[in-house]
Amino acid sequence: MKTQIHPTSIVHPEAELGPGVVIGPYVIIEESTSLGEGTRVDAFAQIKKFTSLGRNNHVYSYACIGEGPQDIKYQGEETWLRLGDDNKIREYTTLNRGTPDGRGVTSIGSGCFLMAYTHVAHDCILEDGVIMANGATLGGHVHLGQKAVIGGLCAVHQFVRIGEYAFIGGKSGIAQDVPPYMLAVGERARLVGPNLIGLRRAGFPREEISALKKAFNLIWKSDLSHVQALEKAGQDFSGLRLTDNLVSFLKSSSRGVVSLERNPERNGRQ
């Protein structure tokens with residue numbers, strides 16, 4: 001496959017372009033960058049230095065990929081942004097590199113879909129299949145698990161973890177961890193319950209989803225203490241992926257977990 005570079009674009013001689021890369025009009029590609037086979041960069045987008053993209057990524061117009069971190073301590077050190085394969089980075093998205101005092105790298109997996117105006121700050125980790133809807137924003141050091149979905153106009157506080165297959169409703173503020181497989185929503189987000197529709201669509205076995213529902217009720221709705229409930233859930237549902245991951249996530253949380261919505265029917269939420 002032949003690499004195509006529009007004559008109005010500026011591509012640094014030290015940029016590495018794989019076979020079949022397509023560079024549209026007025027694109028800027030800086031030094032110390034690599035674009036994998038089949039990657040496409042549309043008009044007016046920028047790929048800043050110390051950025052690596054895998055195969056078949058699509059960077060849409062006006063996105064800015066790999067700019068330095070928005071950290072007042074940052075002094076231009078070499079830090080990186082690394083993307084896997086098959087990601088869609090829509091218009092005006094901004095993805096920042098890591099920081100020397102953090103991980104030194106911002107990591108985005110494969111198959112992610114970052115819609116227009118999304119922002120991923122320094123040192124974040126996005127696992128495979130993450131979706132961020134329009135205007136969603138991540139502070140530094142945020143970790144999004146596999147297939148997590150972040151609704152439009154959400155703001156996620158730095159150092160927060162959001163577990164795999166979690167779903168965050170639009171216009172939510174996330175200041176604490178959101179466990180895997182759960183729904184959360186609200187100005188200061190509250191936990192609503194398991195993400196049942198998402199889990200069924202993902203093809204998880206019915207018995208595992210049923211066990212997760214029981215574990216949820218045990219951990220958040222029983223009269224047991226938090227520690228007792230986690231121990232009992234770990235024992236009662238041992239060996240099941242969903243419940244094992246849920247219990248492990250809750251035990252390892254350092255920021256604490258978003259609290260339970262006590263009126264799930266409020267504002268039409270169920």
# chains A, B, ... in the order shown; residues from 1 in each chain; ligands from 1
call {"tool": "select_by_dssp", "arguments": {"residues": "segment 49-246 of chain A", "states": "alpha helix (DSSP H)", "output": "PyMOL selection string"}}
result
chain A and resi 196-201+206-221+226-236+241-246
call {"tool": "residues_around", "arguments": {"residues": "segment 251-257 of chain A", "least_positions_apart": "4", "cutoff": "12 Å", "atoms": "only C-alpha atoms", "output": "MDAnalysis selection string"}}
result
chainID A and resid 142 157:163 174:180 182 184 189:191 219:220 226:231 233:234 244:247
call {"tool": "residues_around", "arguments": {"residues": "Ala45 of chain A", "least_positions_apart": "3", "cutoff": "6 Å", "atoms": "only C-alpha atoms", "output": "list in words"}}
result
Val27, Ser61, Tyr62, Ala63 and Cys64 of chain A
call {"tool": "write_last_selection", "arguments": {"atoms": "C-alpha atoms", "output": "PDB file, in the first residue's frame"}}
result
ATOM      1  CA  VAL A  27      -1.843  18.315   8.693  1.00  0.00           C
ATOM      2  CA  SER A  61     -10.008  16.983  11.492  1.00  0.00           C
ATOM      3  CA  TYR A  62      -8.641  19.452  14.065  1.00  0.00           C
ATOM      4  CA  ALA A  63      -7.729  16.808  16.646  1.00  0.00           C
ATOM      5  CA  CYS A  64      -4.495  17.497  18.544  1.00  0.00           C
TER       6      CYS A  64
END
call {"tool": "closest_residue", "arguments": {"among": "A:Gly84, A:Gly109, A:Pro13, A:Gly68", "to": "Gly36 of chain A", "atoms": "only C-alpha atoms"}}
result
A:Gly84
call {"tool": "select_by_dssp", "arguments": {"residues": "segment 6-162 of chain A", "states": "strand (DSSP E)", "output": "PyMOL selection string"}}
result
chain A and resi 10-11+16-17+22-23+28-29+33-35+40-41+46-47+51-53+58-59+64-67+80-83+88-89+94-96+105-108+113-114+119-120+125-126+131-132+137-138+143-144+149-150+155-156+161-162
call {"tool": "residues_around", "arguments": {"residues": "Thr51 of chain A", "least_positions_apart": "5", "cutoff": "10 Å", "atoms": "only C-alpha atoms", "output": "PyMOL selection string"}}
result
chain A and resi 15+29-35+65-67+79-83+95-97+105-106
call {"tool": "write_last_selection", "arguments": {"atoms": "N, CA, C and O atoms", "output": "PDB file, in the first residue's frame"}}
result
ATOM      1  N   ALA A  15       9.638  11.663  11.151  1.00  0.00           N
ATOM      2  CA  ALA A  15       8.391  10.946  11.425  1.00  0.00           C
ATOM      3  C   ALA A  15       8.405   9.623  10.667  1.00  0.00           C
ATOM      4  O   ALA A  15       8.816   9.557   9.509  1.00  0.00           O
ATOM      5  N   ILE A  29       2.729  16.876  11.227  1.00  0.00           N
ATOM      6  CA  ILE A  29       3.280  15.694  11.896  1.00  0.00           C
ATOM      7  C   ILE A  29       4.688  16.051  12.357  1.00  0.00           C
ATOM      8  O   ILE A  29       5.563  16.328  11.535  1.00  0.00           O
ATOM      9  N   GLU A  30       4.904  16.066  13.666  1.00  0.00           N
ATOM     10  CA  GLU A  30       6.205  16.478  14.200  1.00  0.00           C
ATOM     11  C   GLU A  30       7.184  15.311  14.237  1.00  0.00           C
ATOM     12  O   GLU A  30       6.854  14.178  13.889  1.00  0.00           O
ATOM     13  N   GLU A  31       8.421  15.622  14.691  1.00  0.00           N
ATOM     14  CA  GLU A  31       9.455  14.610  14.822  1.00  0.00           C
ATOM     15  C   GLU A  31       9.122  13.625  15.951  1.00  0.00           C
ATOM     16  O   GLU A  31       8.244  13.871  16.769  1.00  0.00           O
ATOM     17  N   SER A  32       9.871  12.521  15.999  1.00  0.00           N
ATOM     18  CA  SER A  32       9.719  11.501  17.044  1.00  0.00           C
ATOM     19  C   SER A  32       8.286  11.001  17.127  1.00  0.00           C
ATOM     20  O   SER A  32       7.711  10.861  18.215  1.00  0.00           O
ATOM     21  N   THR A  33       7.694  10.754  15.974  1.00  0.00           N
ATOM     22  CA  THR A  33       6.342  10.209  15.900  1.00  0.00           C
ATOM     23  C   THR A  33       6.366   8.981  14.998  1.00  0.00           C
ATOM     24  O   THR A  33       7.233   8.841  14.135  1.00  0.00           O
ATOM     25  N   SER A  34       5.388   8.103  15.213  1.00  0.00           N
ATOM     26  CA  SER A  34       5.239   6.953  14.324  1.00  0.00           C
ATOM     27  C   SER A  34       3.764   6.677  14.112  1.00  0.00           C
ATOM     28  O   SER A  34       2.976   6.706  15.069  1.00  0.00           O
ATOM     29  N   LEU A  35       3.390   6.441  12.871  1.00  0.00           N
ATOM     30  CA  LEU A  35       2.016   6.142  12.490  1.00  0.00           C
ATOM     31  C   LEU A  35       2.007   4.785  11.808  1.00  0.00           C
ATOM     32  O   LEU A  35       2.679   4.583  10.789  1.00  0.00           O
ATOM     33  N   ILE A  65      -3.130  15.552  18.869  1.00  0.00           N
ATOM     34  CA  ILE A  65      -2.722  14.292  19.471  1.00  0.00           C
ATOM     35  C   ILE A  65      -1.279  14.387  19.957  1.00  0.00           C
ATOM     36  O   ILE A  65      -0.370  14.642  19.160  1.00  0.00           O
ATOM     37  N   GLY A  66      -1.063  14.209  21.266  1.00  0.00           N
ATOM     38  CA  GLY A  66       0.289  14.140  21.799  1.00  0.00           C
ATOM     39  C   GLY A  66       0.880  15.452  22.261  1.00  0.00           C
ATOM     40  O   GLY A  66       2.110  15.564  22.410  1.00  0.00           O
ATOM     41  N   GLU A  67       0.052  16.440  22.536  1.00  0.00           N
ATOM     42  CA  GLU A  67       0.573  17.698  23.099  1.00  0.00           C
ATOM     43  C   GLU A  67       1.085  17.428  24.515  1.00  0.00           C
ATOM     44  O   GLU A  67       0.719  16.447  25.174  1.00  0.00           O
ATOM     45  N   THR A  79       8.229  12.709  27.284  1.00  0.00           N
ATOM     46  CA  THR A  79       7.206  11.777  27.755  1.00  0.00           C
ATOM     47  C   THR A  79       6.365  11.409  26.539  1.00  0.00           C
ATOM     48  O   THR A  79       6.434  12.065  25.502  1.00  0.00           O
ATOM     49  N   TRP A  80       5.524  10.357  26.670  1.00  0.00           N
ATOM     50  CA  TRP A  80       4.922   9.778  25.470  1.00  0.00           C
ATOM     51  C   TRP A  80       3.413   9.642  25.542  1.00  0.00           C
ATOM     52  O   TRP A  80       2.823   9.593  26.636  1.00  0.00           O
ATOM     53  N   LEU A  81       2.831   9.593  24.355  1.00  0.00           N
ATOM     54  CA  LEU A  81       1.460   9.148  24.157  1.00  0.00           C
ATOM     55  C   LEU A  81       1.522   7.955  23.214  1.00  0.00           C
ATOM     56  O   LEU A  81       2.114   8.039  22.139  1.00  0.00           O
ATOM     57  N   ARG A  82       0.899   6.841  23.613  1.00  0.00           N
ATOM     58  CA  ARG A  82       0.922   5.626  22.797  1.00  0.00           C
ATOM     59  C   ARG A  82      -0.502   5.113  22.593  1.00  0.00           C
ATOM     60  O   ARG A  82      -1.248   4.942  23.558  1.00  0.00           O
ATOM     61  N   LEU A  83      -0.852   4.893  21.340  1.00  0.00           N
ATOM     62  CA  LEU A  83      -2.149   4.340  20.976  1.00  0.00           C
ATOM     63  C   LEU A  83      -1.948   2.993  20.298  1.00  0.00           C
ATOM     64  O   LEU A  83      -0.970   2.796  19.568  1.00  0.00           O
ATOM     65  N   LEU A  95      -5.402  14.790  23.231  1.00  0.00           N
ATOM     66  CA  LEU A  95      -4.788  13.700  23.983  1.00  0.00           C
ATOM     67  C   LEU A  95      -3.393  14.142  24.407  1.00  0.00           C
ATOM     68  O   LEU A  95      -2.544  14.432  23.556  1.00  0.00           O
ATOM     69  N   ASN A  96      -3.152  14.200  25.705  1.00  0.00           N
ATOM     70  CA  ASN A  96      -1.877  14.698  26.230  1.00  0.00           C
ATOM     71  C   ASN A  96      -0.923  13.571  26.599  1.00  0.00           C
ATOM     72  O   ASN A  96      -1.345  12.475  26.954  1.00  0.00           O
ATOM     73  N   ARG A  97       0.363  13.872  26.527  1.00  0.00           N
ATOM     74  CA  ARG A  97       1.402  12.911  26.923  1.00  0.00           C
ATOM     75  C   ARG A  97       1.457  12.781  28.444  1.00  0.00           C
ATOM     76  O   ARG A  97       0.820  13.519  29.184  1.00  0.00           O
ATOM     77  N   VAL A 105       3.895   8.186  30.455  1.00  0.00           N
ATOM     78  CA  VAL A 105       3.212   7.839  29.206  1.00  0.00           C
ATOM     79  C   VAL A 105       1.705   7.842  29.442  1.00  0.00           C
ATOM     80  O   VAL A 105       1.232   7.446  30.510  1.00  0.00           O
ATOM     81  N   THR A 106       0.978   8.337  28.470  1.00  0.00           N
ATOM     82  CA  THR A 106      -0.470   8.171  28.407  1.00  0.00           C
ATOM     83  C   THR A 106      -0.738   7.034  27.436  1.00  0.00           C
ATOM     84  O   THR A 106      -0.226   7.039  26.314  1.00  0.00           O
TER      85      THR A 106
END
call {"tool": "decode", "arguments": {"residues": "segment 148-186 of chain A", "atoms": "N, CA and C atoms", "output": "PDB file, in the first residue's frame"}}
result
ATOM      1  N   ALA A 148     -15.375   0.289  28.984  1.00  0.00           N
ATOM      2  CA  ALA A 148     -16.082   1.310  29.763  1.00  0.00           C
ATOM      3  C   ALA A 148     -16.663   2.354  28.826  1.00  0.00           C
ATOM      4  N   VAL A 149     -17.833   2.899  29.191  1.00  0.00           N
ATOM      5  CA  VAL A 149     -18.510   3.920  28.386  1.00  0.00           C
ATOM      6  C   VAL A 149     -18.698   5.169  29.239  1.00  0.00           C
ATOM      7  N   ILE A 150     -18.201   6.302  28.737  1.00  0.00           N
ATOM      8  CA  ILE A 150     -18.304   7.577  29.442  1.00  0.00           C
ATOM      9  C   ILE A 150     -19.232   8.474  28.644  1.00  0.00           C
ATOM     10  N   GLY A 151     -20.355   8.881  29.245  1.00  0.00           N
ATOM     11  CA  GLY A 151     -21.358   9.664  28.543  1.00  0.00           C
ATOM     12  C   GLY A 151     -20.896  11.080  28.232  1.00  0.00           C
ATOM     13  N   GLY A 152     -21.670  11.764  27.412  1.00  0.00           N
ATOM     14  CA  GLY A 152     -21.334  13.114  26.988  1.00  0.00           C
ATOM     15  C   GLY A 152     -21.255  14.099  28.139  1.00  0.00           C
ATOM     16  N   LEU A 153     -20.284  15.009  28.058  1.00  0.00           N
ATOM     17  CA  LEU A 153     -20.099  16.106  29.020  1.00  0.00           C
ATOM     18  C   LEU A 153     -19.779  15.624  30.422  1.00  0.00           C
ATOM     19  N   CYS A 154     -19.287  14.405  30.561  1.00  0.00           N
ATOM     20  CA  CYS A 154     -18.843  13.916  31.868  1.00  0.00           C
ATOM     21  C   CYS A 154     -17.469  14.494  32.207  1.00  0.00           C
ATOM     22  N   ALA A 155     -17.209  14.636  33.508  1.00  0.00           N
ATOM     23  CA  ALA A 155     -15.901  15.072  33.985  1.00  0.00           C
ATOM     24  C   ALA A 155     -15.421  14.073  35.030  1.00  0.00           C
ATOM     25  N   VAL A 156     -14.260  13.490  34.794  1.00  0.00           N
ATOM     26  CA  VAL A 156     -13.710  12.473  35.686  1.00  0.00           C
ATOM     27  C   VAL A 156     -12.485  13.039  36.389  1.00  0.00           C
ATOM     28  N   HIS A 157     -12.537  13.028  37.721  1.00  0.00           N
ATOM     29  CA  HIS A 157     -11.468  13.578  38.559  1.00  0.00           C
ATOM     30  C   HIS A 157     -10.182  12.774  38.395  1.00  0.00           C
ATOM     31  N   GLN A 158      -9.048  13.443  38.583  1.00  0.00           N
ATOM     32  CA  GLN A 158      -7.757  12.769  38.466  1.00  0.00           C
ATOM     33  C   GLN A 158      -7.645  11.606  39.460  1.00  0.00           C
ATOM     34  N   PHE A 159      -6.924  10.581  39.043  1.00  0.00           N
ATOM     35  CA  PHE A 159      -6.639   9.365  39.812  1.00  0.00           C
ATOM     36  C   PHE A 159      -7.854   8.451  40.004  1.00  0.00           C
ATOM     37  N   VAL A 160      -8.983   8.771  39.410  1.00  0.00           N
ATOM     38  CA  VAL A 160     -10.160   7.900  39.521  1.00  0.00           C
ATOM     39  C   VAL A 160      -9.981   6.675  38.625  1.00  0.00           C
ATOM     40  N   ARG A 161     -10.515   5.548  39.103  1.00  0.00           N
ATOM     41  CA  ARG A 161     -10.579   4.328  38.294  1.00  0.00           C
ATOM     42  C   ARG A 161     -12.042   4.040  37.946  1.00  0.00           C
ATOM     43  N   ILE A 162     -12.278   3.674  36.710  1.00  0.00           N
ATOM     44  CA  ILE A 162     -13.604   3.235  36.277  1.00  0.00           C
ATOM     45  C   ILE A 162     -13.438   1.843  35.691  1.00  0.00           C
ATOM     46  N   GLY A 163     -14.142   0.874  36.263  1.00  0.00           N
ATOM     47  CA  GLY A 163     -13.922  -0.516  35.931  1.00  0.00           C
ATOM     48  C   GLY A 163     -14.463  -0.915  34.569  1.00  0.00           C
ATOM     49  N   GLU A 164     -14.108  -2.108  34.144  1.00  0.00           N
ATOM     50  CA  GLU A 164     -14.509  -2.600  32.828  1.00  0.00           C
ATOM     51  C   GLU A 164     -16.025  -2.738  32.735  1.00  0.00           C
ATOM     52  N   TYR A 165     -16.539  -2.437  31.551  1.00  0.00           N
ATOM     53  CA  TYR A 165     -17.971  -2.521  31.236  1.00  0.00           C
ATOM     54  C   TYR A 165     -18.835  -1.624  32.130  1.00  0.00           C
ATOM     55  N   ALA A 166     -18.223  -0.673  32.828  1.00  0.00           N
ATOM     56  CA  ALA A 166     -19.016   0.319  33.556  1.00  0.00           C
ATOM     57  C   ALA A 166     -19.607   1.315  32.566  1.00  0.00           C
ATOM     58  N   PHE A 167     -20.713   1.935  32.953  1.00  0.00           N
ATOM     59  CA  PHE A 167     -21.400   2.906  32.099  1.00  0.00           C
ATOM     60  C   PHE A 167     -21.686   4.145  32.931  1.00  0.00           C
ATOM     61  N   ILE A 168     -21.167   5.299  32.465  1.00  0.00           N
ATOM     62  CA  ILE A 168     -21.364   6.563  33.165  1.00  0.00           C
ATOM     63  C   ILE A 168     -22.340   7.410  32.357  1.00  0.00           C
ATOM     64  N   GLY A 169     -23.474   7.766  32.957  1.00  0.00           N
ATOM     65  CA  GLY A 169     -24.468   8.570  32.272  1.00  0.00           C
ATOM     66  C   GLY A 169     -23.977   9.982  31.994  1.00  0.00           C
ATOM     67  N   GLY A 170     -24.567  10.621  30.995  1.00  0.00           N
ATOM     68  CA  GLY A 170     -24.136  11.945  30.567  1.00  0.00           C
ATOM     69  C   GLY A 170     -24.244  13.007  31.648  1.00  0.00           C
ATOM     70  N   LYS A 171     -23.355  14.015  31.536  1.00  0.00           N
ATOM     71  CA  LYS A 171     -23.319  15.175  32.443  1.00  0.00           C
ATOM     72  C   LYS A 171     -23.053  14.771  33.887  1.00  0.00           C
ATOM     73  N   SER A 172     -22.285  13.708  34.079  1.00  0.00           N
ATOM     74  CA  SER A 172     -21.958  13.249  35.431  1.00  0.00           C
ATOM     75  C   SER A 172     -20.578  13.738  35.839  1.00  0.00           C
ATOM     76  N   GLY A 173     -20.430  14.028  37.125  1.00  0.00           N
ATOM     77  CA  GLY A 173     -19.134  14.330  37.706  1.00  0.00           C
ATOM     78  C   GLY A 173     -18.673  13.146  38.536  1.00  0.00           C
ATOM     79  N   ILE A 174     -17.501  12.598  38.213  1.00  0.00           N
ATOM     80  CA  ILE A 174     -17.009  11.392  38.866  1.00  0.00           C
ATOM     81  C   ILE A 174     -15.806  11.755  39.721  1.00  0.00           C
ATOM     82  N   ALA A 175     -15.976  11.707  41.044  1.00  0.00           N
ATOM     83  CA  ALA A 175     -14.893  12.075  41.953  1.00  0.00           C
ATOM     84  C   ALA A 175     -14.304  10.877  42.670  1.00  0.00           C
ATOM     85  N   GLN A 176     -14.960   9.719  42.591  1.00  0.00           N
ATOM     86  CA  GLN A 176     -14.453   8.496  43.207  1.00  0.00           C
ATOM     87  C   GLN A 176     -14.566   7.349  42.206  1.00  0.00           C
ATOM     88  N   ASP A 177     -14.011   6.208  42.591  1.00  0.00           N
ATOM     89  CA  ASP A 177     -13.982   5.060  41.693  1.00  0.00           C
ATOM     90  C   ASP A 177     -15.388   4.542  41.380  1.00  0.00           C
ATOM     91  N   VAL A 178     -15.557   4.052  40.169  1.00  0.00           N
ATOM     92  CA  VAL A 178     -16.798   3.398  39.754  1.00  0.00           C
ATOM     93  C   VAL A 178     -16.470   1.928  39.495  1.00  0.00           C
ATOM     94  N   PRO A 179     -17.112   1.004  40.218  1.00  0.00           N
ATOM     95  CA  PRO A 179     -16.757  -0.412  40.080  1.00  0.00           C
ATOM     96  C   PRO A 179     -17.078  -0.955  38.698  1.00  0.00           C
ATOM     97  N   PRO A 180     -16.423  -2.040  38.319  1.00  0.00           N
ATOM     98  CA  PRO A 180     -16.723  -2.663  37.027  1.00  0.00           C
ATOM     99  C   PRO A 180     -18.163  -3.156  36.965  1.00  0.00           C
ATOM    100  N   TYR A 181     -18.727  -3.099  35.750  1.00  0.00           N
ATOM    101  CA  TYR A 181     -20.053  -3.641  35.430  1.00  0.00           C
ATOM    102  C   TYR A 181     -21.207  -2.840  36.024  1.00  0.00           C
ATOM    103  N   MET A 182     -20.936  -1.619  36.486  1.00  0.00           N
ATOM    104  CA  MET A 182     -21.957  -0.840  37.167  1.00  0.00           C
ATOM    105  C   MET A 182     -22.367   0.386  36.367  1.00  0.00           C
ATOM    106  N   LEU A 183     -23.567   0.898  36.656  1.00  0.00           N
ATOM    107  CA  LEU A 183     -24.077   2.147  36.123  1.00  0.00           C
ATOM    108  C   LEU A 183     -23.930   3.232  37.177  1.00  0.00           C
ATOM    109  N   ALA A 184     -23.501   4.422  36.754  1.00  0.00           N
ATOM    110  CA  ALA A 184     -23.433   5.566  37.665  1.00  0.00           C
ATOM    111  C   ALA A 184     -23.851   6.804  36.894  1.00  0.00           C
ATOM    112  N   VAL A 185     -24.514   7.735  37.587  1.00  0.00           N
ATOM    113  CA  VAL A 185     -24.993   8.945  36.936  1.00  0.00           C
ATOM    114  C   VAL A 185     -25.258  10.001  38.000  1.00  0.00           C
ATOM    115  N   GLY A 186     -25.165  11.266  37.620  1.00  0.00           N
ATOM    116  CA  GLY A 186     -25.525  12.349  38.525  1.00  0.00           C
ATOM    117  C   GLY A 186     -24.502  13.462  38.523  1.00  0.00           C
TER     118      GLY A 186
END
